[in-house]
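Peer 1: This is the content of start00.txt (compact mmCIF, C-alpha atoms):
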```txt
# COMPACT_ATOMS: atom_id res chain seq x y z
CA MET A 1 0.00 0.00 0.00
CA ASP A 2 2.72 2.49 0.97
CA LYS A 3 4.65 1.73 -2.24
CA GLU A 4 1.53 2.53 -4.26
CA ILE A 5 1.13 5.79 -2.36
CA LEU A 6 4.78 6.72 -2.96
CA LYS A 7 4.20 6.19 -6.69
CA LEU A 8 1.12 8.42 -6.54
CA LEU A 9 3.12 11.10 -4.72
CA GLY A 10 5.91 10.91 -7.29
CA ARG A 11 8.53 9.68 -4.80
CA ASN A 12 10.98 6.81 -5.00
CA SER A 13 11.93 6.57 -1.33
CA GLU A 14 10.54 7.09 2.15
CA LEU A 15 11.19 10.35 3.99
CA PHE A 16 12.69 8.91 7.18
CA GLU A 17 14.36 5.81 5.79
CA GLU A 18 17.89 6.97 6.66
CA ASP A 19 16.95 8.18 10.16
CA ILE A 20 15.16 4.95 11.04
CA LYS A 21 18.07 2.88 9.76
CA LYS A 22 20.62 4.95 11.67
CA HIS A 23 18.71 4.78 14.98
CA GLU A 24 17.12 1.32 14.61
CA LYS A 25 19.32 -0.46 17.14
CA GLU A 26 18.67 2.11 19.89
CA LEU A 27 15.00 2.41 18.92
CA SER A 28 14.44 -1.34 19.15
CA LYS A 29 16.29 -1.64 22.45
CA ILE A 30 14.24 1.12 24.10
CA ILE A 31 10.91 -0.25 22.83
CA ASN A 32 11.79 -3.83 23.75
CA ASN A 33 12.33 -2.74 27.36
CA SER A 34 9.33 -0.40 27.64
CA SER A 35 5.57 -0.39 28.13
CA PHE A 36 3.20 1.75 26.02
CA LEU A 37 -0.31 3.14 26.18
CA VAL A 38 -1.58 4.45 22.84
CA ILE A 39 -4.76 6.57 23.07
CA GLY A 40 -6.71 6.90 19.83
CA GLY A 41 -4.50 4.11 18.55
CA ALA A 42 -6.90 2.64 15.98
CA GLY A 43 -7.11 5.66 13.70
CA SER A 44 -4.87 6.04 10.66
CA ILE A 45 -1.88 7.70 12.36
CA GLY A 46 -2.33 5.93 15.68
CA SER A 47 -2.52 2.48 14.08
CA ALA A 48 0.55 3.20 11.94
CA THR A 49 2.45 4.08 15.12
CA VAL A 50 1.09 1.06 16.98
CA LYS A 51 2.45 -1.20 14.23
CA GLU A 52 5.87 0.49 14.45
CA ILE A 53 5.91 -0.20 18.21
CA PHE A 54 4.55 -3.73 17.90
CA LYS A 55 7.16 -4.94 15.41
CA ARG A 56 9.90 -3.99 17.90
CA ASN A 57 8.51 -6.32 20.58
CA PRO A 58 7.50 -4.05 23.52
CA LYS A 59 7.03 -5.39 27.05
CA LYS A 60 3.44 -4.12 27.12
CA LEU A 61 1.31 -2.42 24.48
CA HIS A 62 -2.21 -1.28 25.35
CA VAL A 63 -4.31 0.46 22.70
CA VAL A 64 -7.39 2.53 23.55
CA ASP A 65 -9.83 3.82 20.95
CA ILE A 66 -13.46 4.89 20.86
CA SER A 67 -14.06 2.88 17.67
CA GLU A 68 -14.65 -0.81 18.34
CA ASN A 69 -14.62 -1.58 14.61
CA ASN A 70 -11.27 0.12 14.04
CA LEU A 71 -9.77 -1.80 16.95
CA VAL A 72 -10.97 -5.08 15.46
CA GLU A 73 -9.37 -4.19 12.12
CA LEU A 74 -6.14 -3.14 13.85
CA VAL A 75 -5.87 -6.50 15.59
CA ARG A 76 -6.68 -8.41 12.38
CA ASP A 77 -4.10 -6.36 10.49
CA ILE A 78 -1.38 -6.91 13.08
CA ARG A 79 -2.06 -10.63 13.49
CA SER A 80 -2.11 -11.10 9.72
CA SER A 81 1.10 -9.18 9.05
CA LEU A 82 3.25 -9.14 12.18
CA GLY A 83 1.88 -12.02 14.24
CA TYR A 84 2.61 -11.96 17.96
CA ILE A 85 5.01 -10.51 20.52
CA ASP A 86 6.50 -11.84 23.74
CA GLY A 87 4.95 -9.00 25.72
CA GLU A 88 1.31 -8.13 26.42
CA PHE A 89 -0.80 -6.70 23.62
CA LYS A 90 -4.38 -5.68 24.43
CA THR A 91 -6.97 -3.31 22.99
CA PHE A 92 -9.77 -1.50 24.82
CA ALA A 93 -12.85 0.12 23.27
CA LEU A 94 -12.93 3.18 25.54
CA ASP A 95 -13.50 6.92 25.27
CA ALA A 96 -10.53 8.70 26.86
CA GLY A 97 -12.95 11.27 28.28
CA SER A 98 -15.11 8.71 30.11
CA PHE A 99 -15.21 7.46 33.70
CA GLU A 100 -14.66 3.93 32.36
CA TYR A 101 -11.32 5.09 30.98
CA ASP A 102 -10.46 6.71 34.32
CA THR A 103 -11.24 3.41 36.06
CA PHE A 104 -9.05 1.58 33.54
CA ILE A 105 -6.15 3.95 34.29
CA LYS A 106 -6.71 3.64 38.04
CA LYS A 107 -6.48 -0.16 37.82
CA ASP A 108 -3.21 -0.17 35.88
CA GLY A 109 -1.92 3.10 34.46
CA LYS A 110 1.75 2.12 34.69
CA TYR A 111 3.38 2.87 31.35
CA ASN A 112 6.79 4.17 30.36
CA TYR A 113 5.30 5.99 27.37
CA VAL A 114 1.83 7.42 26.80
CA LEU A 115 1.06 8.42 23.20
CA ASN A 116 -2.13 10.40 22.54
CA PHE A 117 -3.59 10.39 19.01
CA SER A 118 -7.17 11.10 20.04
CA ALA A 119 -8.36 14.15 18.09
CA LEU A 120 -11.09 15.77 16.09
CA LYS A 121 -8.94 16.59 13.08
CA HIS A 122 -11.31 17.99 10.48
CA VAL A 123 -11.68 21.67 9.62
CA ARG A 124 -15.38 20.91 9.15
CA SER A 125 -15.68 20.26 12.92
CA GLU A 126 -16.27 23.99 13.46
CA LYS A 127 -19.47 24.06 11.43
CA ASP A 128 -21.66 24.18 14.56
CA PRO A 129 -21.08 25.14 18.23
CA PHE A 130 -21.84 21.62 19.51
CA THR A 131 -19.26 19.77 17.43
CA LEU A 132 -16.86 22.63 18.16
CA MET A 133 -17.24 22.07 21.91
CA ARG A 134 -16.65 18.35 21.35
CA MET A 135 -13.43 19.27 19.51
CA ILE A 136 -12.29 21.31 22.53
CA GLU A 137 -13.16 18.39 24.81
CA VAL A 138 -11.12 15.91 22.78
CA ASN A 139 -8.21 18.04 21.58
CA ILE A 140 -7.60 20.07 24.73
CA LEU A 141 -9.43 18.86 27.84
CA ASN A 142 -8.73 15.16 27.33
CA THR A 143 -5.09 15.98 26.66
CA GLU A 144 -4.87 17.87 29.94
CA LYS A 145 -6.61 15.03 31.78
CA THR A 146 -4.42 12.26 30.37
CA LEU A 147 -1.36 14.41 31.00
CA MET A 148 -2.27 14.73 34.69
CA GLN A 149 -2.90 10.98 34.92
CA SER A 150 0.50 10.31 33.36
CA ILE A 151 2.17 12.63 35.85
CA ALA A 152 0.43 10.88 38.75
CA ASN A 153 1.53 7.48 37.44
CA LYS A 154 5.13 8.65 36.94
CA THR A 155 5.10 8.03 33.20
CA LYS A 156 8.52 8.52 31.63
CA LYS A 157 7.30 10.42 28.54
CA TYR A 158 4.07 11.85 27.12
CA PHE A 159 3.60 12.34 23.38
CA CYS A 160 0.65 14.07 21.73
CA VAL A 161 0.15 14.48 18.00
CA SER A 162 -0.32 18.02 16.71
CA THR A 163 -0.82 19.41 13.18
CA ASP A 164 0.74 21.80 10.69
CA LYS A 165 -2.52 23.76 11.03
CA ALA A 166 -1.40 24.81 14.54
CA THR A 167 1.20 27.05 12.87
CA ASN A 168 -0.32 30.50 12.32
CA PRO A 169 -3.81 28.95 12.60
CA VAL A 170 -6.73 30.21 10.52
CA ASN A 171 -9.28 27.57 11.56
CA MET A 172 -10.62 26.41 14.90
CA MET A 173 -9.14 22.92 14.57
CA GLY A 174 -5.63 24.29 14.13
CA ALA A 175 -6.18 26.82 16.90
CA SER A 176 -7.39 24.08 19.28
CA LYS A 177 -4.18 22.15 18.63
CA ARG A 178 -2.09 25.27 19.22
CA ILE A 179 -3.86 25.83 22.55
CA MET A 180 -3.24 22.16 23.31
CA GLU A 181 0.47 22.78 22.73
CA LEU A 182 0.36 25.59 25.32
CA PHE A 183 -1.13 23.17 27.87
CA LEU A 184 1.68 20.75 27.00
CA MET A 185 4.23 23.50 27.65
CA ARG A 186 2.81 24.04 31.13
CA ARG A 187 2.86 20.35 32.06
CA SER A 188 6.37 19.97 30.58
CA LEU A 189 7.60 21.32 33.91
CA GLU A 190 6.23 18.12 35.50
CA ILE A 191 6.70 15.48 32.77
CA PRO A 192 8.79 15.32 29.56
CA VAL A 193 6.55 15.92 26.54
CA SER A 194 7.02 15.99 22.79
CA THR A 195 4.82 16.24 19.75
CA ALA A 196 4.84 16.17 15.95
CA ARG A 197 3.43 18.28 13.15
CA PHE A 198 3.21 16.87 9.66
CA ALA A 199 1.57 17.11 6.29
CA ASN A 200 -1.58 15.39 5.08
CA VAL A 201 -1.46 11.64 5.61
CA ALA A 202 -2.39 10.11 2.28
CA PHE A 203 -5.56 8.00 2.47
CA SER A 204 -5.99 8.49 6.23
CA ASP A 205 -9.52 7.91 7.51
CA GLY A 206 -11.86 10.70 6.43
CA SER A 207 -9.27 12.46 4.25
CA LEU A 208 -10.01 13.66 0.73
CA LEU A 209 -7.79 10.96 -0.77
CA TYR A 210 -9.58 8.36 1.35
CA SER A 211 -12.83 9.60 -0.18
CA PHE A 212 -11.47 8.99 -3.70
CA ASN A 213 -11.55 5.25 -3.01
CA ARG A 214 -15.10 5.51 -1.66
CA ARG A 215 -16.29 7.48 -4.69
CA LEU A 216 -14.95 4.84 -7.10
CA GLU A 217 -16.57 2.08 -5.06
CA LYS A 218 -19.93 3.86 -5.25
CA ASN A 219 -19.75 5.13 -8.86
CA GLN A 220 -19.73 8.75 -7.71
CA PRO A 221 -17.80 11.76 -9.01
CA ILE A 222 -14.51 12.94 -7.56
CA VAL A 223 -14.53 16.50 -6.26
CA ALA A 224 -11.38 18.38 -5.23
CA PRO A 225 -10.16 21.98 -4.84
CA LYS A 226 -7.78 23.13 -7.57
CA ASP A 227 -6.22 26.02 -5.65
CA ILE A 228 -5.18 24.24 -2.43
CA LYS A 229 -1.67 22.77 -2.30
CA ARG A 230 -0.60 20.21 0.28
CA TYR A 231 2.36 18.07 1.27
CA PHE A 232 1.63 14.37 1.69
CA VAL A 233 3.22 11.64 3.77
CA THR A 234 2.38 7.94 3.79
CA PRO A 235 0.69 6.31 6.80
CA LYS A 236 3.94 4.48 7.58
CA GLU A 237 5.89 7.75 7.51
CA SER A 238 3.38 9.36 9.90
CA GLY A 239 3.87 6.46 12.32
CA GLU A 240 7.66 6.67 12.05
CA LEU A 241 7.72 10.43 12.70
CA CYS A 242 5.47 10.10 15.76
CA LEU A 243 7.50 7.22 17.15
CA MET A 244 10.79 9.07 16.63
CA SER A 245 9.36 12.07 18.50
CA ALA A 246 7.98 9.92 21.32
CA ILE A 247 11.25 8.03 21.83
CA PHE A 248 13.94 10.55 20.91
CA GLY A 249 12.22 13.90 21.35
CA GLU A 250 13.66 16.02 24.15
CA ASN A 251 11.31 17.88 26.46
CA ARG A 252 9.03 20.25 24.50
CA ASP A 253 10.38 19.23 21.08
CA ILE A 254 8.08 19.38 18.06
CA PHE A 255 9.17 17.09 15.20
CA PHE A 256 8.27 17.83 11.58
CA PRO A 257 9.31 16.49 8.16
CA LYS A 258 12.03 18.53 6.48
CA LEU A 259 10.95 19.99 3.17
CA SER A 260 13.22 18.51 0.53
CA GLU A 261 13.16 17.25 -3.02
CA LYS A 262 11.41 14.17 -1.59
CA LEU A 263 8.43 16.12 -0.28
CA HIS A 264 6.47 17.95 -2.96
CA LEU A 265 3.61 20.42 -2.84
CA ILE A 266 0.75 19.26 -5.02
CA THR A 267 -2.83 20.44 -5.49
CA PHE A 268 -5.68 18.12 -4.63
CA ALA A 269 -6.89 18.40 -8.24
CA ASP A 270 -3.50 17.29 -9.59
CA ILE A 271 -3.29 14.34 -7.24
CA ALA A 272 -6.86 13.37 -8.18
CA VAL A 273 -5.81 13.19 -11.86
CA LYS A 274 -2.75 11.09 -10.98
CA TYR A 275 -4.89 8.83 -8.80
CA LEU A 276 -7.41 8.22 -11.59
CA LYS A 277 -4.68 7.43 -14.11
CA ILE A 278 -3.19 4.84 -11.75
CA LYS A 279 -6.68 3.33 -11.51
CA GLY A 280 -6.95 3.28 -15.32
CA TYR A 281 -9.20 6.32 -15.84
CA GLU A 282 -9.00 9.72 -17.52
CA PRO A 283 -10.71 12.67 -15.79
CA TYR A 284 -13.91 13.94 -17.39
CA ILE A 285 -14.06 17.56 -16.26
CA CYS A 286 -17.53 18.72 -15.19
CA GLU A 287 -18.65 22.30 -14.74
CA SER A 288 -21.18 21.82 -11.93
CA GLU A 289 -22.26 19.44 -9.19
CA GLU A 290 -25.37 18.59 -11.18
CA GLU A 291 -23.35 17.59 -14.25
CA ALA A 292 -20.99 15.51 -12.11
CA ARG A 293 -23.84 13.71 -10.31
CA GLU A 294 -25.61 12.94 -13.59
CA PHE A 295 -22.53 11.59 -15.34
CA PHE A 296 -23.36 7.91 -14.88
CA ASN A 297 -26.99 8.50 -15.88
CA SER A 298 -26.50 10.71 -18.92
CA LYS A 299 -22.88 11.05 -20.01
CA SER A 300 -22.30 7.32 -19.91
CA LYS A 301 -25.03 6.92 -22.53
CA THR A 302 -23.12 9.01 -25.05
CA LEU A 303 -19.67 7.65 -24.17
CA ASN A 304 -18.41 4.15 -24.82
CA PRO A 305 -19.89 1.81 -22.16
CA LYS A 306 -16.33 0.67 -21.45
CA SER A 307 -15.21 4.29 -21.18
CA LYS A 308 -12.06 5.07 -19.24
CA TYR A 309 -13.46 8.45 -18.17
CA TRP A 310 -14.41 9.38 -14.61
CA PRO A 311 -16.36 12.55 -13.70
CA CYS A 312 -14.38 15.21 -11.82
CA LEU A 313 -15.35 18.59 -10.45
CA PHE A 314 -12.39 20.80 -9.61
CA THR A 315 -13.39 23.94 -7.71
CA ILE A 316 -11.99 27.03 -6.06
CA SER A 317 -11.91 26.72 -2.27
CA ASP A 318 -14.52 28.98 -0.68
CA THR A 319 -15.18 27.40 2.71
CA THR A 320 -14.37 28.50 6.25
CA GLY A 321 -10.93 27.79 7.65
CA GLU A 322 -9.20 26.47 4.53
CA LYS A 323 -5.55 27.53 4.42
CA ASP A 324 -4.08 27.57 0.92
CA PHE A 325 -0.60 26.51 2.03
CA GLU A 326 1.11 24.49 4.78
CA GLU A 327 3.79 25.51 7.24
CA PHE A 328 5.36 23.60 10.10
CA TYR A 329 7.12 26.44 11.95
CA THR A 330 7.34 30.24 12.15
CA ASP A 331 10.25 32.66 11.76
CA GLU A 332 10.37 33.01 15.56
CA ASN A 333 10.96 29.30 16.17
CA ILE A 334 14.40 27.89 16.97
CA ILE A 335 14.99 24.90 14.68
CA ASP A 336 17.48 22.07 15.04
CA TRP A 337 18.22 21.12 11.43
CA ASP A 338 21.21 18.88 12.13
CA ARG A 339 20.14 16.09 14.47
CA PHE A 340 18.24 14.09 11.85
CA GLU A 341 18.45 13.66 8.10
CA GLY A 342 14.77 13.95 7.27
CA ILE A 343 13.34 15.47 10.45
CA GLY A 344 13.45 19.04 11.70
CA VAL A 345 12.98 19.76 15.39
CA ILE A 346 11.42 22.89 16.87
CA LYS A 347 13.08 23.64 20.23
CA ASN A 348 10.77 25.25 22.79
CA GLU A 349 11.15 26.98 26.11
CA PRO A 350 8.23 26.45 28.53
CA ILE A 351 6.52 29.65 27.46
CA PHE A 352 2.86 29.93 28.51
CA GLU A 353 0.59 32.30 30.41
CA GLU A 354 -0.77 30.55 33.49
CA ASP A 355 -3.62 33.02 33.95
CA LYS A 356 -4.78 32.54 30.37
CA LEU A 357 -4.78 28.76 30.61
CA ASN A 358 -6.76 28.87 33.86
CA PHE A 359 -9.20 31.39 32.39
CA PHE A 360 -9.71 29.18 29.34
CA MET A 361 -10.60 26.18 31.51
CA LYS A 362 -13.01 28.22 33.62
CA GLU A 363 -14.76 29.69 30.57
CA ILE A 364 -15.21 26.31 28.91
CA GLU A 365 -16.52 24.86 32.17
CA ARG A 366 -18.94 27.78 32.50
CA MET A 367 -20.26 27.24 28.97
CA LYS A 368 -20.68 23.50 29.51
CA ASN A 369 -22.47 23.95 32.84
CA SER A 370 -24.88 26.48 31.32
CA LEU A 371 -25.68 24.10 28.42
CA LYS A 372 -25.65 27.19 26.25
CA TRP A 373 -22.87 28.67 24.14
CA SER A 374 -22.31 30.09 20.67
CA LYS A 375 -19.57 29.69 18.12
CA LYS A 376 -18.93 33.44 18.42
CA GLU A 377 -18.15 33.03 22.15
CA ILE A 378 -15.68 30.25 21.47
CA VAL A 379 -14.01 32.11 18.60
CA GLU A 380 -13.53 35.14 20.86
CA LEU A 381 -12.06 32.90 23.59
CA PHE A 382 -9.64 31.38 21.08
CA GLU A 383 -8.64 34.85 19.86
CA TYR A 384 -7.95 35.85 23.47
CA MET A 385 -5.75 32.79 23.92
CA LEU A 386 -3.92 33.23 20.61
CA PRO A 387 -3.24 36.81 19.52
CA GLU A 388 -1.83 35.42 16.24
CA PHE A 389 -5.08 33.57 15.47
CA SER A 390 -6.75 34.97 12.37
CA HIS A 391 -10.00 33.08 11.99
CA LEU A 392 -10.96 32.73 8.34
CA GLU A 393 -14.76 32.82 8.45
CA ARG A 394 -16.53 32.64 5.08
CA GLY A 395 -19.98 31.56 6.22
CA LYS A 396 -19.75 28.38 4.16
CA TYR A 397 -18.57 24.96 5.32
CA LEU A 398 -17.42 21.74 3.69
CA ASP A 399 -20.75 20.10 4.55
CA ASP A 400 -22.41 22.69 2.31
CA LYS A 401 -20.85 21.29 -0.83
CA MET A 402 -20.34 17.94 -2.54
```
Could the structure of this file be written out as C-alpha cells, please?
Peer 2:
Amino acid sequence: MDKEILKLLGRNSELFEEDIKKHEKELSKIINNSSFLVIGGAGSIGSATVKEIFKRNPKKLHVVDISENNLVELVRDIRSSLGYIDGEFKTFALDAGSFEYDTFIKKDGKYNYVLNFSALKHVRSEKDPFTLMRMIEVNILNTEKTLMQSIANKTKKYFCVSTDKATNPVNMMGASKRIMELFLMRRSLEIPVSTARFANVAFSDGSLLYSFNRRLEKNQPIVAPKDIKRYFVTPKESGELCLMSAIFGENRDIFFPKLSEKLHLITFADIAVKYLKIKGYEPYICESEEEAREFFNSKSKTLNPKSKYWPCLFTISDTTGEKDFEEFYTDENIIDWDRFEGIGVIKNEPIFEEDKLNFFMKEIERMKNSLKWSKKEIVELFEYMLPEFSHLERGKYLDDKM
C-alpha cells in the first residue's frame, strides 16, 4: 500500500528511511524494554504508530480507541502481518474522556510511554457550536486530563500528536491544537513531553484521498479543490515520525518532516488526476455538481460503455478555515536542522501564560455547565488565547458542498 502511495506522490523513497536505519538499534532496544499506552490508537496515524511499536517487541502495548470496529481491524491487520510478541498486547474500546477510561487507568496506568492520538482533526468540525465544543473536549481537555494521569503514574514520557494547522492557525481545529500545545508547555515542567506536526497523511480515515476510493466504489464523481496545495506523507511515515518524536524527542520538542526534493507540494486536483490514471481512468471535467452527479446516468449513454473516463469537479476553495498553504514552523521558532536527516525539530522553552490557561478552563466549564454557548463566544475565547489567530470565516462549510 505504501509503495503505491509513494508512486502516486511521485517519490521513489521514504522520507525517514535513513533516520530509522541509523537509529534502529537504539529504537528497538528502548521499545523492547518499555511499556506503552496508545490513546486513539486505531485511527490512521495511531494504528501506523502502533504497528511500528509492535514490530519492535515491547514489554506491554495497550491500545485505547473509541471505535470498536477500528480496533478489530487493527488486531486483524497486526495478526495477519506481524503475528505476535512476547509481551502483552491488548486493545480496549474506551473513550478517553469517560469514567470507564479513568477506572481503567486507576487499575493499571503504569506505562513508560503514553502516546495520545485522540483528536477531532477535520476543519469541518467547526461548522456548529456543539461539534466545536466536542473538539475542545477531545483536543484540549482530554489531553490535559491524560497528561495529569501520566504525571500521577510517573510516566517517563508523554507524546501528543499536533498538526501543521497549529502554525499561524486560521481555523478552529488548528487553533485548538495550538492551545493544546500551550497546555503541554505548562505540564512539561512536570513530565517530559514531545509532539509532531506533519503534512496530510495520504488515504488516512476521512481524508479527501480516502474519499477517492469511496467514490470509485460507489460510482460517484470525484470533487477536489484546484487552488489548495498540500504536502503528503504515507501512513507508515506518519507512524515513524510520531514514534521518533515519542522516543527521541527532548522535552518540548516538536518534530516535523524537512521539506526537501522528496516532499512535494501538489494540489488536490492534480493528485486526483494522478490517482485516476493509476486506476486506469482519464478525468472527465464537469462544470457543476449537477453535471458531475448525472454523469453515470447521462454522459455514460453518449460515451463508450467501457469508457475510461471518470467525472471530476475541480473547484476554487470557498469554505471556512481552509488555508491555501502548509507551514510547520514560524520565523520566531528555533529549529534544530542537524540532528536528523529527514526530520526538523522545533526547540521550545516552557513559554505559557498561566492566567490565560486557567481562564480558558473556567470559561469552557462555565459554557458547559450552562448548556448554552455560541460559536462566536468560542471564537472570541480562542482569539484571546492566541493573539496570532486569524480566523478565516466565510460563512460556508465543507458540509455545504459535494
Peer 1: Kindly indicate which residue among A:Val223, A:Leu357, A:Ile228, A:Ile378 lies nearest to Arg293 in chain A, using all atoms listed in the file for the distances.
Peer 2: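 Among the listed residues, A:Val223 lies closest to Arg293 in chain A.
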Peer 1: Figure out the distance between CA of Ser204 in chain A and CA of Leu6 in chain A, please, to one decimal in Å.
Peer 2: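 Going from CA of Leu6 in chain A over to CA of Ser204 in chain A, I get 14.3 Å.
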Peer 1: Write out as CSV the residues of range 221-249 of chain A that have any atom within 12 Å of an atom of range 116-132 of chain A, one row each with the nearest atom pair and its distance in Å to one decimal, counting all atoms listed in the file, sorted by chain and then rising number.
Peer 2:
```
residue,atom,partner,partner_atom,distance
A:Ser238,CA,A:Phe117,CA,11.5
A:Gly239,CA,A:Phe117,CA,10.8
A:Cys242,CA,A:Phe117,CA,9.6
A:Leu243,CA,A:Asn116,CA,11.5
A:Ala246,CA,A:Asn116,CA,10.2
```
Peer 1: Out of A:Ile30, A:Ile191, A:Leu313, A:Leu82, which residue has the shortest atom-to-atom distance to Met402 in chain A when counting only C-alpha atoms?
Peer 2: A:Leu313
Peer 1: In Å, with one decimal, what is the gap from CA of Leu15 in chain A to CA of Ser28 in chain A?
Peer 2: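 Between CA of Leu15 in chain A and CA of Ser28 in chain A the gap works out to 19.4 Å.
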Peer 1: At a cut-off of 10 Å, using all atoms listed in the file, what residues contact Gly342 in chain A? Leave out same-chain residues fewer than 4 positions from it and give the result as an NGL selection string.
Peer 2: :A and (14-20 or 241 or 256-260 or 262 or 337-338)
Peer 1: Name the closest residue to Ser67 in chain A among the candidates A:Glu363, A:Glu240, A:Ser288, A:Ser44; distances are taken between atoms, counting only C-alpha atoms.
Peer 2: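 Distance minimum relative to Ser67 in chain A lands on A:Ser44.
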Peer 1: Take the point (6.8, 29.4, 26.7) in the file's coordinates, draw a sphere of radius 9 Å around it, and report as a count of residues only every protein, DNA or RNA residue with an atom inside or on it, counting all atoms listed in the file.
Peer 2: 9
Peer 1: Considering all atoms listed in the file, state which residue in the set A:Glu237, A:Glu26, A:Glu190, A:Asp65 is at the smallest distance from Thr155 in chain A.
Peer 2: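 The answer is A:Glu190, which sits nearest to Thr155 in chain A.
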Peer 1: Counting all atoms listed in the file, figure out which residue out of A:Asn142, A:Asn213, A:Asn333, A:Ser13 gets nearest to Phe99 in chain A.
Peer 2: A:Asn142
Peer 1: Please return range 356-367 of chain A, rebuilt to N, CA, C and O atoms, as a PDB file, in the frame of the given file.
Peer 2:
```pdb
ATOM      1  N   LYS A 356      -3.979  32.796  31.559  1.00  0.00           N
ATOM      2  CA  LYS A 356      -4.780  32.540  30.370  1.00  0.00           C
ATOM      3  C   LYS A 356      -5.266  31.093  30.310  1.00  0.00           C
ATOM      4  O   LYS A 356      -6.428  30.827  29.976  1.00  0.00           O
ATOM      5  N   LEU A 357      -4.392  30.172  30.630  1.00  0.00           N
ATOM      6  CA  LEU A 357      -4.780  28.760  30.610  1.00  0.00           C
ATOM      7  C   LEU A 357      -5.869  28.475  31.635  1.00  0.00           C
ATOM      8  O   LEU A 357      -6.837  27.754  31.354  1.00  0.00           O
ATOM      9  N   ASN A 358      -5.734  29.057  32.821  1.00  0.00           N
ATOM     10  CA  ASN A 358      -6.760  28.870  33.860  1.00  0.00           C
ATOM     11  C   ASN A 358      -8.081  29.515  33.447  1.00  0.00           C
ATOM     12  O   ASN A 358      -9.158  28.954  33.676  1.00  0.00           O
ATOM     13  N   PHE A 359      -7.992  30.697  32.844  1.00  0.00           N
ATOM     14  CA  PHE A 359      -9.200  31.390  32.390  1.00  0.00           C
ATOM     15  C   PHE A 359      -9.902  30.569  31.308  1.00  0.00           C
ATOM     16  O   PHE A 359     -11.140  30.450  31.311  1.00  0.00           O
ATOM     17  N   PHE A 360      -9.132  30.007  30.408  1.00  0.00           N
ATOM     18  CA  PHE A 360      -9.710  29.180  29.340  1.00  0.00           C
ATOM     19  C   PHE A 360     -10.509  28.019  29.936  1.00  0.00           C
ATOM     20  O   PHE A 360     -11.653  27.766  29.533  1.00  0.00           O
ATOM     21  N   MET A 361      -9.923  27.321  30.890  1.00  0.00           N
ATOM     22  CA  MET A 361     -10.600  26.180  31.510  1.00  0.00           C
ATOM     23  C   MET A 361     -11.887  26.606  32.215  1.00  0.00           C
ATOM     24  O   MET A 361     -12.921  25.932  32.117  1.00  0.00           O
ATOM     25  N   LYS A 362     -11.831  27.728  32.908  1.00  0.00           N
ATOM     26  CA  LYS A 362     -13.010  28.220  33.620  1.00  0.00           C
ATOM     27  C   LYS A 362     -14.125  28.616  32.653  1.00  0.00           C
ATOM     28  O   LYS A 362     -15.307  28.339  32.900  1.00  0.00           O
ATOM     29  N   GLU A 363     -13.761  29.267  31.547  1.00  0.00           N
ATOM     30  CA  GLU A 363     -14.760  29.690  30.570  1.00  0.00           C
ATOM     31  C   GLU A 363     -15.419  28.497  29.889  1.00  0.00           C
ATOM     32  O   GLU A 363     -16.638  28.483  29.695  1.00  0.00           O
ATOM     33  N   ILE A 364     -14.633  27.510  29.530  1.00  0.00           N
ATOM     34  CA  ILE A 364     -15.210  26.310  28.910  1.00  0.00           C
ATOM     35  C   ILE A 364     -16.118  25.587  29.890  1.00  0.00           C
ATOM     36  O   ILE A 364     -17.215  25.137  29.535  1.00  0.00           O
ATOM     37  N   GLU A 365     -15.687  25.507  31.141  1.00  0.00           N
ATOM     38  CA  GLU A 365     -16.520  24.860  32.170  1.00  0.00           C
ATOM     39  C   GLU A 365     -17.821  25.626  32.367  1.00  0.00           C
ATOM     40  O   GLU A 365     -18.895  25.026  32.531  1.00  0.00           O
ATOM     41  N   ARG A 366     -17.733  26.955  32.346  1.00  0.00           N
ATOM     42  CA  ARG A 366     -18.940  27.780  32.500  1.00  0.00           C
ATOM     43  C   ARG A 366     -19.919  27.520  31.356  1.00  0.00           C
ATOM     44  O   ARG A 366     -21.129  27.341  31.575  1.00  0.00           O
ATOM     45  N   MET A 367     -19.406  27.484  30.122  1.00  0.00           N
ATOM     46  CA  MET A 367     -20.260  27.240  28.970  1.00  0.00           C
ATOM     47  C   MET A 367     -20.924  25.871  29.063  1.00  0.00           C
ATOM     48  O   MET A 367     -22.128  25.714  28.800  1.00  0.00           O
TER      49      MET A 367
END
```
